[in-house]
Structures are given as C-alpha cells and as structure tokens.
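This is work-v4.csv. It holds CSV, C-alpha atoms.
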chain,number,residue,atom,x,y,z
A,1,MET,CA,100.4,139.7,38.8
A,2,PRO,CA,98.6,138.2,41.8
A,3,LEU,CA,99.3,139.7,45.2
A,4,PRO,CA,100.6,137.3,47.8
A,5,HIS,CA,98.9,136.7,51.1
A,6,ILE,CA,101.5,137.0,53.9
A,7,VAL,CA,100.7,135.7,57.3
A,8,VAL,CA,103.1,136.0,60.2
A,9,ASP,CA,102.4,134.1,63.4
A,10,ASP,CA,103.2,136.6,66.1
A,11,ASP,CA,103.5,133.9,68.8
A,12,ARG,CA,106.3,132.3,67.0
A,13,CYS,CA,107.8,135.6,65.8
A,14,ASN,CA,108.9,136.7,69.2
A,15,ASP,CA,111.4,139.5,68.9
A,16,PRO,CA,111.6,140.6,65.3
A,17,LEU,CA,113.5,143.8,66.1
A,18,SER,CA,116.6,142.0,67.3
A,19,CYS,CA,116.1,139.0,64.9
A,20,ARG,CA,115.3,140.9,61.7
A,21,ILE,CA,116.5,137.9,59.5
A,22,CYS,CA,113.5,138.0,57.3
A,23,LEU,CA,113.7,141.7,56.7
A,24,LEU,CA,117.3,141.4,55.5
A,25,ALA,CA,116.6,138.3,53.4
A,26,CYS,CA,113.8,140.0,51.4
A,27,PRO,CA,115.3,141.3,48.1
A,28,THR,CA,112.7,144.0,47.7
A,29,ARG,CA,111.7,145.0,51.3
A,30,VAL,CA,108.2,143.6,51.0
A,31,LEU,CA,108.0,143.1,54.8
A,32,GLY,CA,107.7,145.9,57.3
A,33,LEU,CA,108.5,146.0,61.0
A,34,GLY,CA,105.9,147.7,63.1
A,35,THR,CA,104.3,147.5,66.5
A,36,SER,CA,101.0,146.3,67.8
A,37,VAL,CA,100.8,149.2,70.1
A,38,GLY,CA,101.6,153.0,69.9
A,39,PRO,CA,104.5,154.6,71.7
A,40,GLU,CA,104.0,155.2,75.4
A,41,LYS,CA,105.4,158.0,77.6
A,42,TYR,CA,108.7,157.3,79.3
A,43,LYS,CA,108.7,153.7,78.2
A,44,GLU,CA,110.2,151.7,75.4
A,45,ILE,CA,107.9,149.3,73.7
A,46,ASP,CA,108.1,145.7,74.9
A,47,PRO,CA,110.1,143.8,72.2
A,48,HIS,CA,107.3,141.2,72.0
A,49,ARG,CA,105.0,143.9,70.8
A,50,PHE,CA,107.0,144.4,67.6
A,51,VAL,CA,105.4,142.6,64.6
A,52,VAL,CA,106.4,141.8,61.0
A,53,ARG,CA,103.8,142.3,58.3
A,54,GLY,CA,103.5,142.2,54.6
A,55,VAL,CA,103.4,145.8,53.4
A,56,ARG,CA,104.7,146.2,49.8
A,57,TYR,CA,102.9,143.1,48.4
A,58,GLN,CA,103.2,144.4,44.9
A,59,VAL,CA,106.9,143.8,44.8
A,60,CYS,CA,106.8,140.3,46.2
A,61,SER,CA,108.1,137.9,43.6
A,62,GLY,CA,107.3,134.8,45.6
A,63,CYS,CA,110.9,133.8,46.2
A,64,LEU,CA,110.0,132.7,49.7
A,65,LYS,CA,113.5,133.5,51.1
A,66,CYS,CA,111.8,135.0,54.2
A,67,VAL,CA,110.0,131.8,54.8
A,68,GLU,CA,113.2,129.8,54.4
A,69,VAL,CA,115.3,131.9,56.8
A,70,CYS,CA,112.7,132.3,59.6
A,71,PRO,CA,114.2,130.4,62.5
A,72,THR,CA,110.8,129.7,64.0
A,73,GLY,CA,108.8,129.0,60.8
A,74,ALA,CA,106.5,131.9,61.5
A,75,ILE,CA,105.9,133.2,58.0
A,76,GLU,CA,103.5,131.7,55.5
A,77,ILE,CA,103.0,133.0,51.9
A,78,THR,CA,100.3,132.0,49.5
A,79,PHE,CA,99.4,133.2,46.0
A,80,ASP,CA,95.9,132.8,44.7
A,81,GLY,CA,94.9,130.9,47.8
A,82,SER,CA,97.2,128.0,46.9
A,83,LYS,CA,99.8,127.3,49.5
A,84,THR,CA,103.4,127.6,48.4
A,85,ALA,CA,105.0,127.1,51.8
B,1,MET,CA,104.5,177.5,41.4
B,2,CYS,CA,105.0,175.2,44.3
B,3,MET,CA,101.7,174.9,46.2
B,4,TRP,CA,103.5,174.9,49.5
B,5,CYS,CA,105.4,178.1,48.8
B,6,GLU,CA,102.2,179.7,47.7
B,7,ARG,CA,100.4,178.6,50.9
B,8,PHE,CA,103.1,178.9,53.5
B,9,GLY,CA,105.9,180.9,52.0
B,10,GLU,CA,104.6,184.2,53.4
B,11,GLY,CA,107.0,186.2,51.2
B,12,CYS,CA,110.0,184.0,51.7
B,13,GLU,CA,111.8,182.6,48.7
B,14,ARG,CA,110.7,179.1,49.6
B,15,TRP,CA,108.2,177.8,52.2
B,16,TYR,CA,111.0,176.0,54.0
B,17,PHE,CA,112.9,179.3,54.5
B,18,ASN,CA,110.0,180.8,56.3
B,19,PRO,CA,110.9,180.7,60.1
B,20,SER,CA,107.3,180.5,61.2
B,21,ASN,CA,107.0,177.1,59.7
B,22,TYR,CA,109.4,175.9,62.4
B,23,ALA,CA,107.3,177.3,65.2
B,24,ARG,CA,106.2,175.5,68.3
B,25,ARG,CA,102.5,176.3,68.1
B,26,LEU,CA,102.0,174.1,65.1
B,27,TYR,CA,103.3,171.0,66.7
B,28,LYS,CA,100.1,170.2,68.5
B,29,VAL,CA,98.2,169.7,65.2
B,30,ARG,CA,100.1,166.6,64.6
B,31,ARG,CA,99.3,165.0,67.9
B,32,ALA,CA,95.6,165.4,67.5
B,33,GLU,CA,95.7,164.0,64.0
B,34,THR,CA,97.8,161.0,64.9
B,35,GLU,CA,95.7,160.2,67.9
B,36,SER,CA,92.5,160.3,65.8
B,37,ALA,CA,94.1,157.9,63.4
B,38,GLY,CA,94.1,155.5,66.3
B,39,ALA,CA,95.5,152.0,66.7
B,40,GLU,CA,94.3,151.1,63.2
B,41,ALA,CA,97.2,153.1,61.8
B,42,ASN,CA,99.6,150.5,63.2
B,43,PRO,CA,101.6,148.8,61.9
B,44,GLN,CA,100.6,149.7,58.3
B,45,ALA,CA,101.1,153.5,58.9
B,46,ALA,CA,103.3,153.7,61.9
B,47,GLY,CA,105.7,150.8,61.2
B,48,GLY,CA,105.0,149.7,57.7
B,49,MET,CA,105.9,153.0,56.1
B,50,ALA,CA,103.2,152.8,53.4
B,51,ALA,CA,100.7,155.6,52.9
B,52,ALA,CA,98.1,153.2,51.5
B,53,GLY,CA,97.3,149.6,52.4
B,54,ARG,CA,96.4,146.4,50.6
B,55,GLU,CA,93.1,147.7,49.4
B,56,TYR,CA,95.0,150.2,47.1
B,57,LEU,CA,97.3,147.5,45.8
B,58,GLU,CA,94.4,145.1,45.1
B,59,ALA,CA,92.5,147.8,43.2
B,60,ALA,CA,95.6,148.5,41.1
B,61,GLU,CA,96.0,144.8,40.5
B,62,ARG,CA,92.4,144.4,39.1
B,63,GLY,CA,92.7,147.6,37.1
B,64,ASP,CA,90.0,149.4,39.1
B,65,HIS,CA,91.2,152.9,38.2
B,66,GLU,CA,88.3,154.7,39.9
B,67,THR,CA,89.1,153.1,43.3
B,68,VAL,CA,92.9,153.6,42.8
B,69,GLU,CA,92.3,157.3,42.1
B,70,ARG,CA,90.0,157.7,45.1
B,71,LEU,CA,92.4,155.9,47.5
B,72,LYS,CA,95.4,157.8,46.1
B,73,THR,CA,93.6,161.1,46.6
B,74,GLU,CA,92.6,160.2,50.2
B,75,ALA,CA,96.2,159.0,51.0
B,76,GLU,CA,97.7,162.2,49.5
B,77,GLN,CA,95.3,164.5,51.3
B,78,ARG,CA,96.0,162.7,54.6
B,79,SER,CA,99.7,162.9,54.0
B,80,TRP,CA,99.7,166.5,52.9
B,81,ALA,CA,97.8,167.5,56.1
B,82,ILE,CA,100.1,165.6,58.5
B,83,HIS,CA,103.3,164.3,57.1
B,84,PHE,CA,104.9,164.8,53.7
B,85,GLY,CA,108.2,165.9,52.3
B,86,GLN,CA,110.0,167.8,49.6
B,87,VAL,CA,113.5,167.2,48.2
B,88,LEU,CA,116.1,169.7,49.0
B,89,THR,CA,119.5,170.7,47.5
B,90,ILE,CA,122.5,170.8,49.8
B,91,GLU,CA,122.5,174.6,49.6
B,92,ASP,CA,118.9,174.6,50.8
B,93,VAL,CA,119.9,172.4,53.8
B,94,HIS,CA,122.7,174.7,54.8
B,95,GLN,CA,120.4,177.7,54.7
B,96,ILE,CA,117.8,175.8,56.8
B,97,LEU,CA,120.3,174.8,59.4
B,98,GLU,CA,121.0,178.5,60.0
B,99,LEU,CA,117.4,179.3,60.8
B,100,MET,CA,116.1,176.6,63.1
B,101,TYR,CA,117.1,175.3,66.5
B,102,PRO,CA,117.7,172.8,68.1
B,103,ILE,CA,119.1,170.3,65.7
B,104,GLY,CA,119.1,166.6,66.7
B,105,LEU,CA,120.8,163.6,65.0
B,106,MET,CA,118.4,160.7,65.6
B,107,THR,CA,117.6,157.2,64.3
B,108,CYS,CA,115.7,156.6,61.1
B,109,ALA,CA,112.2,155.1,61.5
B,110,CYS,CA,112.1,153.9,57.9
B,111,ARG,CA,115.3,151.9,58.0
B,112,ARG,CA,114.1,150.4,61.3
B,113,SER,CA,110.9,149.3,59.7
B,114,MET,CA,112.5,148.1,56.4
B,115,ARG,CA,115.5,146.4,57.7
B,116,GLY,CA,115.2,146.3,61.5
B,117,LEU,CA,118.4,148.4,61.6
B,118,ALA,CA,119.9,148.5,65.1
B,119,ASP,CA,119.9,152.0,66.7
B,120,GLU,CA,123.7,152.3,66.8
B,121,GLU,CA,123.9,151.8,63.0
B,122,ASN,CA,120.9,154.0,62.3
B,123,PHE,CA,121.7,157.6,63.0
B,124,THR,CA,120.9,159.1,59.6
B,125,CYS,CA,117.9,161.3,60.5
B,126,ILE,CA,117.9,165.0,61.6
B,127,GLY,CA,115.1,166.2,63.8
B,128,MET,CA,114.6,169.9,64.3
B,129,GLY,CA,112.8,172.2,66.6
B,130,PRO,CA,111.1,171.9,70.0
B,131,GLY,CA,110.0,168.3,69.4
B,132,MET,CA,113.6,167.3,70.0
B,133,TYR,CA,113.3,168.1,73.6
B,134,LYS,CA,110.7,165.4,74.0
B,135,TRP,CA,113.0,162.5,73.2
B,136,GLU,CA,113.1,161.3,76.8
B,137,ARG,CA,109.3,161.4,77.1
B,138,TRP,CA,108.9,159.3,74.0
B,139,PRO,CA,111.7,156.8,74.0
B,140,ASP,CA,110.3,154.7,71.2
B,141,THR,CA,109.7,157.6,68.8
B,142,TYR,CA,113.3,158.7,69.4
B,143,ARG,CA,114.8,155.2,69.8
B,144,GLY,CA,118.5,155.4,70.5
B,145,GLY,CA,118.2,158.9,71.9
B,146,VAL,CA,119.1,162.2,70.3
B,147,GLN,CA,122.5,163.8,69.7
B,148,PHE,CA,122.2,167.5,69.7
B,149,LEU,CA,124.4,169.2,67.0
B,150,THR,CA,125.5,172.7,66.4
B,151,PRO,CA,124.7,174.1,62.9
B,152,GLU,CA,128.3,173.5,61.8
B,153,GLU,CA,128.3,169.9,63.1
B,154,ALA,CA,125.0,169.3,61.4
B,155,LYS,CA,126.3,170.7,58.1
B,156,GLU,CA,129.3,168.3,58.3
B,157,ALA,CA,127.1,165.3,59.2
B,158,ILE,CA,124.7,166.0,56.3
B,159,ASP,CA,127.5,166.8,53.8
B,160,ALA,CA,128.9,163.4,54.7
B,161,MET,CA,125.5,161.7,54.2
B,162,ASN,CA,125.2,163.5,50.8
B,163,ARG,CA,128.6,162.2,49.7
B,164,ARG,CA,127.6,158.7,50.8
B,165,GLY,CA,124.6,159.0,48.4
B,166,LEU,CA,121.7,159.9,50.6
B,167,VAL,CA,119.0,162.4,49.4
B,168,GLN,CA,118.1,165.3,51.6
B,169,CYS,CA,114.3,165.8,52.2
B,170,ILE,CA,112.4,168.1,54.5
B,171,TYR,CA,109.3,166.7,56.2
B,172,THR,CA,106.3,168.2,57.9
B,173,PHE,CA,104.8,167.0,61.2
B,174,GLY,CA,101.4,168.6,61.1
B,175,THR,CA,101.7,170.7,58.0
B,176,PRO,CA,103.2,173.3,57.7
B,177,TYR,CA,105.3,172.6,60.8
B,178,LEU,CA,108.7,171.4,59.5
B,179,ALA,CA,110.6,169.1,61.9
B,180,GLY,CA,112.4,166.5,59.9
B,181,LEU,CA,115.5,166.6,57.6
B,182,CYS,CA,115.7,163.1,56.3
B,183,ASN,CA,118.6,161.5,54.5
B,184,CYS,CA,116.9,159.0,52.2
B,185,ASP,CA,117.6,156.3,49.6
B,186,TYR,CA,115.8,153.7,47.5
B,187,PRO,CA,114.7,151.1,48.6
B,188,ASP,CA,114.9,151.9,52.3
B,189,CYS,CA,113.1,155.2,52.5
B,190,GLY,CA,109.3,154.9,52.9
B,191,GLY,CA,108.7,158.3,51.3
B,192,ILE,CA,110.7,157.5,48.1
B,193,ARG,CA,109.2,154.0,47.9
B,194,THR,CA,105.6,155.3,48.3
B,195,VAL,CA,106.1,157.9,45.6
B,196,GLN,CA,108.1,155.7,43.2
B,197,ASP,CA,106.4,152.4,43.7
B,198,MET,CA,102.8,153.5,44.3
B,199,GLY,CA,102.6,156.9,42.7
B,200,ILE,CA,101.3,158.5,45.9
B,201,LYS,CA,102.9,161.9,46.3
B,202,VAL,CA,104.1,161.8,49.9
B,203,LEU,CA,107.4,163.2,48.7
B,204,TRP,CA,107.4,166.3,46.4
B,205,LYS,CA,110.1,167.0,43.8
B,206,GLY,CA,112.4,169.8,44.7
B,207,HIS,CA,112.7,173.3,43.2
B,208,HIS,CA,115.5,172.4,40.9
B,209,ILE,CA,116.3,169.9,38.2
B,210,ALA,CA,119.7,168.5,37.1
B,211,GLU,CA,120.9,169.1,33.6
B,212,VAL,CA,124.0,167.5,32.0
B,213,ASP,CA,126.2,169.6,29.8
B,214,PRO,CA,127.3,167.0,27.2
B,215,ASP,CA,130.3,169.0,26.2
B,216,LEU,CA,131.6,168.8,29.7
B,217,CYS,CA,130.5,165.3,30.6
B,218,ASN,CA,133.6,163.0,30.4
B,219,GLY,CA,131.5,159.8,30.5
B,220,CYS,CA,133.0,158.6,33.8
B,221,ALA,CA,129.5,157.4,35.0
B,222,LEU,CA,130.2,158.1,38.6
B,223,CYS,CA,126.9,159.9,38.8
B,224,VAL,CA,124.9,156.9,37.6
B,225,ARG,CA,124.8,155.0,40.9
B,226,ARG,CA,123.8,158.2,42.7
B,227,CYS,CA,120.3,158.7,41.4
B,228,GLN,CA,117.6,157.3,43.8
B,229,PHE,CA,114.8,158.2,41.4
B,230,LYS,CA,115.6,156.2,38.3
B,231,ALA,CA,116.0,159.5,36.4
B,232,LEU,CA,119.7,159.2,35.5
B,233,THR,CA,121.1,156.6,33.1
B,234,PHE,CA,124.2,156.1,31.1
B,235,SER,CA,123.7,156.4,27.4
B,236,PRO,CA,125.7,153.7,25.5
B,237,SER,CA,125.4,155.6,22.2
B,238,THR,CA,126.7,158.9,23.4
B,239,LEU,CA,128.8,157.4,26.3
B,240,LYS,CA,127.5,160.2,28.5
B,241,ALA,CA,125.1,160.6,31.4
B,242,TYR,CA,121.4,161.1,30.5
B,243,ILE,CA,118.9,162.7,32.8
B,244,ASP,CA,115.2,162.5,32.3
B,245,PRO,CA,114.1,165.9,33.5
B,246,PHE,CA,110.5,164.7,34.1
B,247,LYS,CA,111.7,162.1,36.5
B,248,CYS,CA,114.5,164.2,38.2
B,249,PHE,CA,113.7,165.2,41.8
B,250,GLY,CA,116.4,167.9,41.8
B,251,CYS,CA,118.4,166.6,44.8
B,252,GLY,CA,121.8,167.2,43.2
B,253,LEU,CA,123.4,164.0,44.3
B,254,CYS,CA,124.7,163.4,40.8
B,255,ARG,CA,126.3,166.9,40.8
B,256,THR,CA,128.2,166.2,44.1
B,257,VAL,CA,130.4,163.6,42.4
B,258,CYS,CA,130.8,165.2,38.9
B,259,LYS,CA,134.5,166.1,38.6
B,260,PRO,CA,134.2,168.1,35.3
B,261,ASP,CA,131.3,170.0,36.8
B,262,ALA,CA,129.0,168.9,33.9
B,263,VAL,CA,125.9,168.7,36.0
B,264,LYS,CA,124.1,171.9,36.8
B,265,LEU,CA,121.0,172.4,39.0
B,266,ILE,CA,118.6,174.8,37.2
B,267,ASP,CA,115.5,176.3,38.6
B,268,ARG,CA,112.4,174.2,37.9
B,269,ALA,CA,110.4,177.3,37.3
B,270,SER,CA,112.6,178.2,34.4
B,271,ARG,CA,111.3,175.3,32.3
B,272,PRO,CA,107.6,175.8,31.3
B,273,ALA,CA,106.9,172.1,30.8
B,274,LEU,CA,108.5,171.3,34.2
B,275,SER,CA,107.4,174.1,36.4
B,276,GLU,CA,104.3,172.2,37.6
B,277,VAL,CA,105.9,168.7,37.6
B,278,TRP,CA,106.2,168.0,41.3

Entire entry expressed as structure tokens:
Amino acid sequence: MPLPHIVVDDDRCNDPLSCRICLLACPTRVLGLGTSVGPEKYKEIDPHRFVVRGVRYQVCSGCLKCVEVCPTGAIEITFDGSKTA
Amino acid sequence: MCMWCERFGEGCERWYFNPSNYARRLYKVRRAETESAGAEANPQAAGGMAAAGREYLEAAERGDHETVERLKTEAEQRSWAIHFGQVLTIEDVHQILELMYPIGLMTCACRRSMRGLADEENFTCIGMGPGMYKWERWPDTYRGGVQFLTPEEAKEAIDAMNRRGLVQCIYTFGTPYLAGLCNCDYPDCGGIRTVQDMGIKVLWKGHHIAEVDPDLCNGCALCVRRCQFKALTFSPSTLKAYIDPFKCFGCGLCRTVCKPDAVKLIDRASRPALSEVW
C-alpha cells in the first residue's frame, strides 16, 4: 500500500480552524489541524497560523474527498509521484 | 505488575492514587521538555496528534522492521517521559476526583486537531491541578477557557460522558505529574489512534479486563457499539457478546450498558497470561 503525498497550500488555506470542511470530509481522519507557531502568553494564535497537514497517511485510501470539498483548491494528493488531482 | 505503579505508586494501590503525582513541583519538567522539542514538534506533535511521523509510516510500508522498532522505541520513550496515558474505570475516576484539586472542564485538543471542532462543542476534557490556573496565560492551550467544577459536578459530567460512550484515561504532563482526565473515543482521540493504528504505546491498558458471563448475557448487543478498542464483538454462533481479553483495555464502557449485569471487570493481575499485557 503506497503512502500518499499530501500537500496543502497554506496561502490558499487561510483559516482552517473555522473552515474545517476537509477535516470533516475525510472518512478516516488522515488530516490534522495544527499551527505553524507555538502558543504565546496572553494571546490566542492568529487564525492564519493554523495549518492542515497530512498526518495519518497510512489510512488514506485516496478517495480525494478532501480535495473535492476544499473551497480554495488548496489540497493536492499524489500516490507514487503520479498526480491524481 | 504495572511499571508505573512500581515506579510511582509509593505504597498506594495504584500510581494514580498517589497524591504526590498531582503535585505542583513536577509541572516544570514538562515545560523544559516541550521547549527543547522546539518548533519542529509542530504541527506533527502539537497539532497532528501523532507520536511518530512519516518516517515511521514509510519504514513500516517498506517492511523495514529494524527502523520501525527503533522509531517506535524512541517515540515511546519520549511519550513515557512527557505525555502518556492509562485507561481508567469509572470507579478509579471517582476516587481520583476526591484527591486532586482544582478540576477544570476544558476543550479537547485531539478533537480540535482531528475535526476542527469549535470550542463550544468541544468541552470533553478534564484538566486537573495547578496548571488549570494558567488558562488565562495560555489562551491557546486552554482554548475556550476553563469551567471549574466541584468533585460532585465533575463526577456527574464524567458519568454522562461515560454513558455517551467516551473512555476515561489519565494522562501525564511531565511524568509522573498527572494533569489530564481525557474522555476519548476512536477515531477522534490521538492516544487511542496512535496505540491502535501505529502500535506505539502512548496509552496503556488499564488495571482491569472485562469478562462476559455467557449465562447472564441476553444477547441484546447494546455493548457492541461501546468498545473503542476493537476488543468486543457479537458472536453470531452463540448470539452473545465476545470479548478478546488480550485486546481489552479494561475501560468498562461495555459494562455500563449491560442490563443483565453480565459484564464483570476483573483484576488484570489475576490472569497470569494477561498480567503483563499493557
């Protein structure tokens, strides 16, 4: 079973915490929501600093539901280097 | 014997009944460890809720057992030093709620990461001890704030989550400092996923295992949907519940819904072949 390569364009994926459409679409929770910075004192993290990444690659079936539902087309998934989206 | 009881029990029946494991002085350990992990830990560790990254999955994929074992050991050692959990029974939870303070209901970081769950829908985590007083200082660690509960309120809240089907687990933050009482399920809990999907033991089985009395089981199958560890199935040949004791984590969720009282939690130590299955 090949592992997918999952690339998310952070410029297009602007506020994943309030969007979260891809996270809900994924049947196996392959994607994870994290941040590109650590927590800061007395301050919530800027929404633009939240990022979506592939995490649990081994349970990605390649259904591409996340790619389809992303309103900004920010997600790209390839298997074995060949583009599927 | 449970390694953690051996190391940190200090004469108490279980390591999580030892009041000194809820003490303030240990909390600092975690900060030093987390900071030394640095920005590299993000988002894989901090947000992605996985104890090991792509390197581990790739090694498993190509059948490189040596690398898998090395990375697994590294991930487990890291987790056991900083942040790991053990499954509790509801009786354990009630006893713990009597011995630590304060108790804070807070949002679940796993469900935020897995499903981007909004704060107002996400109050399923219990934080314990002096760290709770830091919620204003670290608004992102404690997103949505903290609701302080009395022990009685906390018991009610956790009983309700248990009935809903969430597994109770206790977590360290700088071992052996205990500060999290998580209410977990598959597939949204990072701990359960890491241990079930990757075989990395960031969540230890509890001190009990569930056993079905086939004479009492009426075959209603209410328990089947409760198991989060793929240990409980319904046998079509006997028309009764079947529990694999080697997979059982001993949370007791199946027992909670068993009307004829056919599920009993027995002490793991009472079964020679299971006493070291954690």

Sorted per-residue table, chain A near chain B, closest atoms and distance, 8 Å, only C-alpha atoms, as CSV:
residue,atom,partner,partner_atom,distance
A:Met1,CA,B:Glu61,CA,6.9
A:Pro2,CA,B:Glu61,CA,7.2
A:Leu3,CA,B:Glu58,CA,7.3
A:Pro16,CA,B:Gly116,CA,7.7
A:Leu17,CA,B:Gly116,CA,5.5
A:Ser18,CA,B:Gly116,CA,7.4
A:Arg20,CA,B:Gly116,CA,5.4
A:Leu23,CA,B:Arg115,CA,5.1
A:Leu24,CA,B:Arg115,CA,5.8
A:Thr28,CA,B:Pro187,CA,7.4
A:Arg29,CA,B:Met114,CA,6.0
A:Leu31,CA,B:Met114,CA,6.9
A:Gly32,CA,B:Gly48,CA,4.7
A:Leu33,CA,B:Ser113,CA,4.3
A:Gly34,CA,B:Gly47,CA,3.6
A:Thr35,CA,B:Pro43,CA,5.5
A:Ser36,CA,B:Asn42,CA,6.4
A:Val37,CA,B:Ala39,CA,6.9
A:Gly38,CA,B:Ala39,CA,7.0
A:Pro39,CA,B:Asp140,CA,5.8
A:Glu40,CA,B:Trp138,CA,6.5
A:Lys41,CA,B:Trp138,CA,5.2
A:Tyr42,CA,B:Arg137,CA,4.7
A:Lys43,CA,B:Pro139,CA,6.0
A:Glu44,CA,B:Asp140,CA,5.2
A:Ile45,CA,B:Asp140,CA,6.4
A:Val51,CA,B:Pro43,CA,7.8
A:Arg53,CA,B:Gly48,CA,7.5
A:Val55,CA,B:Gly48,CA,6.0
A:Arg56,CA,B:Ala50,CA,7.7
A:Tyr57,CA,B:Leu57,CA,7.6
A:Gln58,CA,B:Leu57,CA,6.7

Taking C-alpha atoms for each residue, export the selection above as an mmCIF file, keeping the file's coordinate frame.
data_model
loop_
_atom_site.group_PDB
_atom_site.id
_atom_site.type_symbol
_atom_site.label_atom_id
_atom_site.label_comp_id
_atom_site.auth_asym_id
_atom_site.auth_seq_id
_atom_site.Cartn_x
_atom_site.Cartn_y
_atom_site.Cartn_z
ATOM 1 C CA MET A 1 100.400 139.700 38.800
ATOM 2 C CA PRO A 2 98.600 138.200 41.800
ATOM 3 C CA LEU A 3 99.300 139.700 45.200
ATOM 4 C CA PRO A 16 111.600 140.600 65.300
ATOM 5 C CA LEU A 17 113.500 143.800 66.100
ATOM 6 C CA SER A 18 116.600 142.000 67.300
ATOM 7 C CA ARG A 20 115.300 140.900 61.700
ATOM 8 C CA LEU A 23 113.700 141.700 56.700
ATOM 9 C CA LEU A 24 117.300 141.400 55.500
ATOM 10 C CA THR A 28 112.700 144.000 47.700
ATOM 11 C CA ARG A 29 111.700 145.000 51.300
ATOM 12 C CA LEU A 31 108.000 143.100 54.800
ATOM 13 C CA GLY A 32 107.700 145.900 57.300
ATOM 14 C CA LEU A 33 108.500 146.000 61.000
ATOM 15 C CA GLY A 34 105.900 147.700 63.100
ATOM 16 C CA THR A 35 104.300 147.500 66.500
ATOM 17 C CA SER A 36 101.000 146.300 67.800
ATOM 18 C CA VAL A 37 100.800 149.200 70.100
ATOM 19 C CA GLY A 38 101.600 153.000 69.900
ATOM 20 C CA PRO A 39 104.500 154.600 71.700
ATOM 21 C CA GLU A 40 104.000 155.200 75.400
ATOM 22 C CA LYS A 41 105.400 158.000 77.600
ATOM 23 C CA TYR A 42 108.700 157.300 79.300
ATOM 24 C CA LYS A 43 108.700 153.700 78.200
ATOM 25 C CA GLU A 44 110.200 151.700 75.400
ATOM 26 C CA ILE A 45 107.900 149.300 73.700
ATOM 27 C CA VAL A 51 105.400 142.600 64.600
ATOM 28 C CA ARG A 53 103.800 142.300 58.300
ATOM 29 C CA VAL A 55 103.400 145.800 53.400
ATOM 30 C CA ARG A 56 104.700 146.200 49.800
ATOM 31 C CA TYR A 57 102.900 143.100 48.400
ATOM 32 C CA GLN A 58 103.200 144.400 44.900
#

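Atom CA of B:Thr172 sits 22.3 Å away from atom CA of B:Ser275.
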
Name all residues at most 9 Å from A:Pro27 (count all atoms listed in the file; drop same-chain ones fewer than 5 positions away) and give them as a ChimeraX atom specification.
-> /A:60,63,65

Keeping only C-alpha atoms, write those residues as a PDB file, keeping the file's coordinate frame.
ATOM      1  CA  CYS A  60     106.800 140.300  46.200  1.00  0.00           C
ATOM      2  CA  CYS A  63     110.900 133.800  46.200  1.00  0.00           C
ATOM      3  CA  LYS A  65     113.500 133.500  51.100  1.00  0.00           C
TER       4      LYS A  65
END

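Residues with any atom within 10 Å of B:Trp15, counting all atoms listed in the file and excluding same-chain neighbours fewer than 2 positions away, are B:Cys2, B:Met3, B:Trp4, B:Cys5, B:Glu6, B:Arg7, B:Phe8, B:Gly9, B:Glu10, B:Gly11, B:Cys12, B:Glu13, B:Phe17, B:Asn18, B:Pro19, B:Ser20, B:Asn21, B:Pro176, B:Leu178.
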
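Atom CA of B:Gly165 sits 7.6 Å away from atom CA of B:Asp185.
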
Skipping near chain neighbours, those fewer than 4 positions away, what residues fall within 12 Å of B:Cys184 using only C-alpha atoms, listed as an MDAnalysis selection string?
-> chainID B and resid 85:88 108:111 122:126 158 161:162 164:171 180 188:193 203 226:229 251 253

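Atom pair atom CA of B:Ser237 / atom CA of B:Val277 has a distance of 28.1 Å (rounded to one decimal).
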
Could you pull out every residue with an atom within 10 Å of (104.0, 129.2, 64.2), file coordinates, counting all atoms listed in the file, and send them as a ChimeraX atom specification?
-> /A:8-13,72-76

Min atom-atom distance to B:Glu152 from the set B:Arg70, B:His94, B:His208, B:Arg268, counting all atoms listed in the file, belongs to B:His94
